[in-house]
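Below is one structure, written out as structure tokens, with a few remarks after it.
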Amino acid sequence: MEQEVTLSVVEAPALTPEQQAVVDQPWDTRLLVTAGAGSGKTHTLVRRLDALVGHVDPDEALEASELLVLSFSRAAVRELRDRIARHGEHARRVRVQTFDSWAYSLLVQAHPDGEWAALSFDERIRAATAAIEKGALDTLESGPPAHVIVDEVQDLVGARREMVESLLDRLQDSCGFTLVGDSAQAIYDFQIEDPEEYADRADLFLRWVRASYADDLVELNLTRNFRAATPEARTALPLGPAVQGIGSAPEGADAAAERLHGDLRELLLDLPDLGPLDDAFTLDTLRSFPGTCAVLTRDNRQALLVSERLHLHGVPHALRRSLRDRPVPYWVAELLRRTRAATLTEERLRELLDGMPLPEGTDPDRVWRALRAAARGTGRGTLDVARVRGLVAERRFPDELADPEPARLIVSTVHSAKGLEFDRVVLLTPPTVAELRRRRADRLDVPAEARALYVAMTRAREDLYRLAPPDTVMLRRHRPTGRWYRGAPRQGWRRHGIEVRAGDVRALEPADARENALAAQAYLLERVRPGDAVMFRLRDFLPMGPVQSPRYALLHEGREIGEASETFRTDLYSVLKVGPDWDVRWPEEIVGLRIDCLESVSGSTAAGANAGLGGHGVWIAPRVGGIGRFRRSAGTEEEQE
């Protein structure tokens with residue numbers, strides 16, 4: 001049911017009685033669906049959307065604009081949109097959004113003069129909650145929704161939980177809803193900042209729903225697993241009910257969770273072991289696996305090191321981004337650069353797209369529909385080019401147009417793989433709870449550890465393997481900046497490298513703006529690819545400010561393609577300034593970095609115009625990631641042992 005298939009609407013998989021019961025509920029039903037791992041949840045939601053919009057009784061049918069569909073990640077949004085395109089007969093105009101995207105859209109419509117782009121995701125979520133409570137839903141172009149669908153509700157915590165509760169409260173007398181989730185897959189408790197909420201975190205949103213709608217809540221279950229096609233892939237499924245029940249008795253949750261974590265770990269140890277990551281057999285196996293494969297890690301530290309080792313041995317892969325990471329595809333900047341018109345028709349849009357290199361999987365039909373919904377022009381059947389530019393500048397580009405990340409092999413944390421599935425999954429053998437307690441001085445959420453291991457073990461369609469984890473002793477967290485850095489045991493002052501991530505390449509003006517920005521943009525399009533090796537090289541020894549490093553150029557095959565951002569220079573200073581009297585010695589090069597993707601970024605319109613890139617203030621920039629190594633003299637890598 002969850003497999004990637006290309007079927008027409010008529011050939012869509014038949015619904016089970018459990019799924020049909022979900023689909024058939026009237027639009028004003030308050031519906032809570034417990035959907036276990038691989039139970040065909042996405043397919044069921046698509047068919048429910050189709051039924052709500054295309055109901056045989058016109059009085060029961062909803063307009064697409066009356067449906068509000070919210071999900072956690074762009075990957076989940078894209079998956080739902082793909083399923084709608086393949087199997088949806090009536091729901092193709094329904095827009096699916098992330099919580100963050102919808103909150104931003106609400107704020108822009110309710111308070112258009114607010115500087116919402118300057119706020120963080122969580123700040124915008126909180127502002128949207130306050131706006132909802134003051135009646136902002138009435139300002140929406142399509143009016144308040146008649147039916148709300150929320151996916152993965154088990155992970156509604158903190159600000160997002162409060163926003164959804166306020167939304168449903170405000171619509172209580174006029175709206176139905178479909179809430180889908182599974183307590184066994186709740187893995188985002190760590191985002192809860194309020195100590196009181198954290199202490200009472202077990203199924204907090206689900207308890208609120210049951211208490212608020214006690215008289216008319218309909219609860220249904222999806223229990224049959226369609227994802228796991230082999231005994232190995234089904235290894236953890238029998239423990240699903242027990243994992244679901246961890247949160248129902250918070251007093252004994254830690255003890256129950258520790259037993260479950262141990263049981264899951266033992267089951268994993270019985271599965272095939274691929275051995276050490278540097279072993280030739282392991283590397284050849286990862287290269288040759290057919291279909292999609294994911295190496296799932298417990299945290300970002302492991303993910304960075306696994307990715308580094310795979311790059312070192314020439315194994316093609318992608319390091320999966322955070323769920324909140326939202327690069328705008330590079331083709332948007334190229335699209336804007338190639339037009340001077342104020343509006344675009346569908347024919348002209350397709351003509352422009354045909355003339356540029358596009359990422360694999362980019363669908364012109366989807367591009368037109370999504371941009372038309374978000375940046376409709378005043379003329380019939382047109383896009384407003386200024387509004388498209390605004391989508392980039394205000395960081396609210398349509399979620400369904402995110403880059404598809406088509407790599408066959410990915411390295412990802414369990415949290416970033418939320419809601420996804422793969423033909424094969426390789427798990428890093430997890431430590432025991434006792435080992436985790438010895439390693440961690442701060443709080444250890446044992447139920448969250450058990451649920452994360454269960455989620456990881458239920459991502460596979462066919463094969464499930466384990467792999468020896470890399471040694472992480474040299475990689476440490478710099479708490480003030482949140483970055484990982486390379487250190488040394490018992491020598492806390494040593495710094496051998498630093499994590500590089502999204503936002504570390506300067507975007508205020510295009511690369512080579514003073515020389516030939518147009519040639520630089522062409523070089524990025526023609527020569528730079530995800531996974532390519534790059535480095536930061538020291539430009540001069542004069543720091544840019546009292547708490548910043550000097551400037552660093554970003555080099556690809558010896559050519560400069562960007563510059564380190566102010567954020568990176570400030571964090572580099574913070575990581576290297578071990579103490580108040582410490583003399584900072586700047587590394588001449590930071591190597592071991594890789595191109596994540598090319599993205600569209602926005603700066604001043606004057607900077608773009610002066611560089612010959614048009615008057616939209618949008619251009620292409622490289623996004624870089626990895627755990628870099630310092631070279632104190634060019635060409636000589638610093639010792640790591």
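Letters A, B, ... go to the chains of the structure tokens in the order shown; residues in each chain start at 1; ligands are counted from 1 in the same order.
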DSSP-assigned strand (DSSP E) among region 186-375 of chain A, expressed as a ChimeraX atom specification: /A:217-222,293-297,318-319,328-329,343-345
Only N, CA and C atoms, please: the residues just picked out, written as an mmCIF file, in the first residue's frame.
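After the write, again-v4.cif holds the following:
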data_model
loop_
_atom_site.group_PDB
_atom_site.id
_atom_site.type_symbol
_atom_site.label_atom_id
_atom_site.label_comp_id
_atom_site.auth_asym_id
_atom_site.auth_seq_id
_atom_site.Cartn_x
_atom_site.Cartn_y
_atom_site.Cartn_z
ATOM 1 N N LEU A 217 -16.350 12.319 19.544
ATOM 2 C CA LEU A 217 -15.125 11.889 18.880
ATOM 3 C C LEU A 217 -15.292 10.461 18.361
ATOM 4 N N VAL A 218 -14.963 10.256 17.090
ATOM 5 C CA VAL A 218 -14.971 8.925 16.488
ATOM 6 C C VAL A 218 -13.523 8.445 16.398
ATOM 7 N N GLU A 219 -13.227 7.282 16.985
ATOM 8 C CA GLU A 219 -11.876 6.731 16.951
ATOM 9 C C GLU A 219 -11.858 5.460 16.108
ATOM 10 N N LEU A 220 -10.963 5.416 15.124
ATOM 11 C CA LEU A 220 -10.802 4.257 14.253
ATOM 12 C C LEU A 220 -9.330 3.853 14.208
ATOM 13 N N ASN A 221 -9.060 2.640 13.754
ATOM 14 C CA ASN A 221 -7.697 2.118 13.732
ATOM 15 C C ASN A 221 -7.364 1.542 12.363
ATOM 16 N N LEU A 222 -6.102 1.718 11.946
ATOM 17 C CA LEU A 222 -5.537 1.027 10.790
ATOM 18 C C LEU A 222 -4.457 0.100 11.332
ATOM 19 N N CYS A 293 17.943 2.835 -0.269
ATOM 20 C CA CYS A 293 18.562 2.358 0.966
ATOM 21 C C CYS A 293 18.837 3.544 1.874
ATOM 22 N N ALA A 294 18.627 3.358 3.173
ATOM 23 C CA ALA A 294 18.911 4.408 4.158
ATOM 24 C C ALA A 294 19.793 3.845 5.260
ATOM 25 N N VAL A 295 20.852 4.576 5.588
ATOM 26 C CA VAL A 295 21.631 4.303 6.785
ATOM 27 C C VAL A 295 21.097 5.251 7.861
ATOM 28 N N LEU A 296 20.441 4.710 8.868
ATOM 29 C CA LEU A 296 19.783 5.527 9.883
ATOM 30 C C LEU A 296 20.634 5.590 11.146
ATOM 31 N N THR A 297 20.845 6.815 11.633
ATOM 32 C CA THR A 297 21.697 7.055 12.796
ATOM 33 C C THR A 297 20.869 7.615 13.945
ATOM 34 N N ALA A 318 23.483 10.822 -0.233
ATOM 35 C CA ALA A 318 23.072 12.157 0.204
ATOM 36 C C ALA A 318 22.892 12.134 1.712
ATOM 37 N N LEU A 319 23.314 13.220 2.363
ATOM 38 C CA LEU A 319 23.080 13.399 3.792
ATOM 39 C C LEU A 319 21.768 14.147 3.946
ATOM 40 N N VAL A 328 15.195 26.695 -1.365
ATOM 41 C CA VAL A 328 14.365 26.940 -2.543
ATOM 42 C C VAL A 328 15.135 26.438 -3.764
ATOM 43 N N PRO A 329 14.529 25.622 -4.627
ATOM 44 C CA PRO A 329 15.264 25.047 -5.766
ATOM 45 C C PRO A 329 15.952 26.123 -6.615
ATOM 46 N N THR A 343 4.303 39.339 -15.483
ATOM 47 C CA THR A 343 3.483 38.144 -15.311
ATOM 48 C C THR A 343 3.952 37.063 -16.285
ATOM 49 N N LEU A 344 3.618 35.821 -15.955
ATOM 50 C CA LEU A 344 3.961 34.692 -16.815
ATOM 51 C C LEU A 344 2.717 33.855 -17.057
ATOM 52 N N THR A 345 2.506 33.454 -18.295
ATOM 53 C CA THR A 345 1.457 32.486 -18.598
ATOM 54 C C THR A 345 2.028 31.083 -18.423
#
Spatial neighbours of Tyr213 (chain A), max dist 12 Å, only C-alpha atoms, sep filter under 4 positions, as a PyMOL selection string: chain A and resi 29-32+165+168-169+172-173+176-177+206-209+217-219
Nearest-residue call for Ala146 (chain A), choices A:Ser65, A:Gln521, A:Thr339, A:Gln109, using only C-alpha atoms: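 Residue with the minimum atom-to-atom distance to Ala146 (chain A): A:Ser65.
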Helix (DSSP H, G or I) positions in region 283-316 of chain A, given as an NGL selection string: :A and (283-288 or 300-312)
For the contact check between region 363-475 of chain A and region 584-603 of chain A, emit one row per residue of region 363-475 of chain A within 12 Å, containing the shortest atom pair and the distance in Å rounded to one decimal, counting only C-alpha atoms, chain then rising number order, as a tab-separated table.
residue	atom	partner	partner_atom	distance
A:Val388	CA	A:Ser602	CA	11.6
A:Arg389	CA	A:Ser602	CA	8.3
A:Gly390	CA	A:Ser602	CA	9.2
A:Leu391	CA	A:Ser602	CA	10.0
A:Val392	CA	A:Ser602	CA	6.7
A:Ala393	CA	A:Ser602	CA	5.4
A:Glu394	CA	A:Ser602	CA	9.0
A:Arg395	CA	A:Val601	CA	9.4
A:Phe397	CA	A:Ser600	CA	10.5
A:Ala402	CA	A:Glu599	CA	10.2
A:Asp403	CA	A:Cys597	CA	8.9
A:Pro404	CA	A:Cys597	CA	11.2
A:Glu405	CA	A:Cys597	CA	9.3
A:Pro406	CA	A:Cys597	CA	11.8
A:Ala407	CA	A:Asp596	CA	11.6
Written file, previous selection with N, CA and C atoms, as a PDB file, in the first residue's frame:
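Below is the file out-v9.pdb, written as the result:
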ATOM      1  N   VAL A 388       6.235  35.704  -6.962  1.00  0.00           N
ATOM      2  CA  VAL A 388       7.158  34.565  -6.944  1.00  0.00           C
ATOM      3  C   VAL A 388       8.443  34.965  -6.237  1.00  0.00           C
ATOM      4  N   ARG A 389       8.938  36.162  -6.547  1.00  0.00           N
ATOM      5  CA  ARG A 389      10.127  36.664  -5.861  1.00  0.00           C
ATOM      6  C   ARG A 389       9.883  36.765  -4.366  1.00  0.00           C
ATOM      7  N   GLY A 390       8.682  37.221  -3.978  1.00  0.00           N
ATOM      8  CA  GLY A 390       8.331  37.330  -2.567  1.00  0.00           C
ATOM      9  C   GLY A 390       8.321  35.984  -1.865  1.00  0.00           C
ATOM     10  N   LEU A 391       7.922  34.927  -2.577  1.00  0.00           N
ATOM     11  CA  LEU A 391       7.929  33.591  -1.974  1.00  0.00           C
ATOM     12  C   LEU A 391       9.336  33.182  -1.558  1.00  0.00           C
ATOM     13  N   VAL A 392      10.331  33.588  -2.365  1.00  0.00           N
ATOM     14  CA  VAL A 392      11.723  33.276  -2.045  1.00  0.00           C
ATOM     15  C   VAL A 392      12.212  34.148  -0.893  1.00  0.00           C
ATOM     16  N   ALA A 393      11.995  35.461  -1.019  1.00  0.00           N
ATOM     17  CA  ALA A 393      12.509  36.404  -0.020  1.00  0.00           C
ATOM     18  C   ALA A 393      11.889  36.178   1.350  1.00  0.00           C
ATOM     19  N   GLU A 394      10.610  35.793   1.382  1.00  0.00           N
ATOM     20  CA  GLU A 394       9.904  35.644   2.653  1.00  0.00           C
ATOM     21  C   GLU A 394       9.916  34.213   3.170  1.00  0.00           C
ATOM     22  N   ARG A 395      10.671  33.339   2.495  1.00  0.00           N
ATOM     23  CA  ARG A 395      10.857  31.951   2.921  1.00  0.00           C
ATOM     24  C   ARG A 395       9.530  31.208   3.081  1.00  0.00           C
ATOM     25  N   PHE A 397       8.189  29.528   0.107  1.00  0.00           N
ATOM     26  CA  PHE A 397       8.050  28.865  -1.173  1.00  0.00           C
ATOM     27  C   PHE A 397       7.250  27.579  -0.981  1.00  0.00           C
ATOM     28  N   ALA A 402       9.771  21.500  -3.233  1.00  0.00           N
ATOM     29  CA  ALA A 402      11.124  21.296  -2.706  1.00  0.00           C
ATOM     30  C   ALA A 402      11.870  20.287  -3.571  1.00  0.00           C
ATOM     31  N   ASP A 403      13.209  20.377  -3.564  1.00  0.00           N
ATOM     32  CA  ASP A 403      14.011  19.427  -4.322  1.00  0.00           C
ATOM     33  C   ASP A 403      13.666  18.005  -3.899  1.00  0.00           C
ATOM     34  N   PRO A 404      13.539  17.063  -4.848  1.00  0.00           N
ATOM     35  CA  PRO A 404      13.115  15.708  -4.500  1.00  0.00           C
ATOM     36  C   PRO A 404      14.166  14.855  -3.813  1.00  0.00           C
ATOM     37  N   GLU A 405      15.433  15.295  -3.736  1.00  0.00           N
ATOM     38  CA  GLU A 405      16.510  14.509  -3.128  1.00  0.00           C
ATOM     39  C   GLU A 405      16.499  13.067  -3.655  1.00  0.00           C
ATOM     40  N   PRO A 406      16.831  12.872  -4.944  1.00  0.00           N
ATOM     41  CA  PRO A 406      16.638  11.572  -5.563  1.00  0.00           C
ATOM     42  C   PRO A 406      17.719  10.536  -5.292  1.00  0.00           C
ATOM     43  N   ALA A 407      18.670  10.781  -4.388  1.00  0.00           N
ATOM     44  CA  ALA A 407      19.772   9.846  -4.165  1.00  0.00           C
ATOM     45  C   ALA A 407      19.244   8.464  -3.788  1.00  0.00           C
TER      46      ALA A 407
END
Shell of 9 Å around Ile84 (chain A), only C-alpha atoms, local chain residues under 4 positions omitted, as JSON, numbers by chain: {"A": [43, 46, 47, 49, 50, 79, 80, 88, 89, 90, 91, 92, 94]}
All residues 10 Å or closer to Ile125 (chain A), only C-alpha atoms, same chain fewer than 2 positions away omitted, as a list in words: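 Residues meeting the cut-off are Phe99, Asp100, Ser101, Trp102, Ala103, Tyr104, Leu107, Leu119, Ser120, Phe121, Asp122, Glu123, Ala127, Ala128, Thr129, Ala130, Ala131, Gly158, Ala159, Arg160, Arg161, Glu162, Met163 and Val164 of chain A.
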Save the residues we just selected, C-alpha atoms, as a CSV table (one decimal), in the first residue's frame?
chain,number,residue,atom,x,y,z
A,99,PHE,CA,2.7,23.7,9.9
A,100,ASP,CA,5.4,26.4,9.4
A,101,SER,CA,4.3,27.3,5.9
A,102,TRP,CA,0.6,27.6,6.9
A,103,ALA,CA,1.4,29.7,10.0
A,104,TYR,CA,3.4,32.1,7.8
A,107,LEU,CA,0.2,35.8,9.4
A,119,LEU,CA,11.2,35.4,12.9
A,120,SER,CA,12.3,31.9,13.5
A,121,PHE,CA,9.9,29.0,12.8
A,122,ASP,CA,8.8,28.6,16.4
A,123,GLU,CA,8.3,32.4,16.8
A,127,ALA,CA,2.5,34.4,16.6
A,128,ALA,CA,0.1,32.4,14.5
A,129,THR,CA,-1.4,30.9,17.6
A,130,ALA,CA,-2.0,34.4,19.0
A,131,ALA,CA,-3.5,35.6,15.7
A,158,GLY,CA,5.3,22.6,22.2
A,159,ALA,CA,4.3,25.5,20.0
A,160,ARG,CA,2.8,23.4,17.3
A,161,ARG,CA,0.5,21.6,19.7
A,162,GLU,CA,-0.7,24.9,21.1
A,163,MET,CA,-1.4,26.2,17.6
A,164,VAL,CA,-3.4,23.2,16.5
Residues near Arg74 (chain A), cut-off 7 Å, only C-alpha atoms, skip fewer than 5 positions along chain, as a ChimeraX atom specification: /A:98,399-400,402
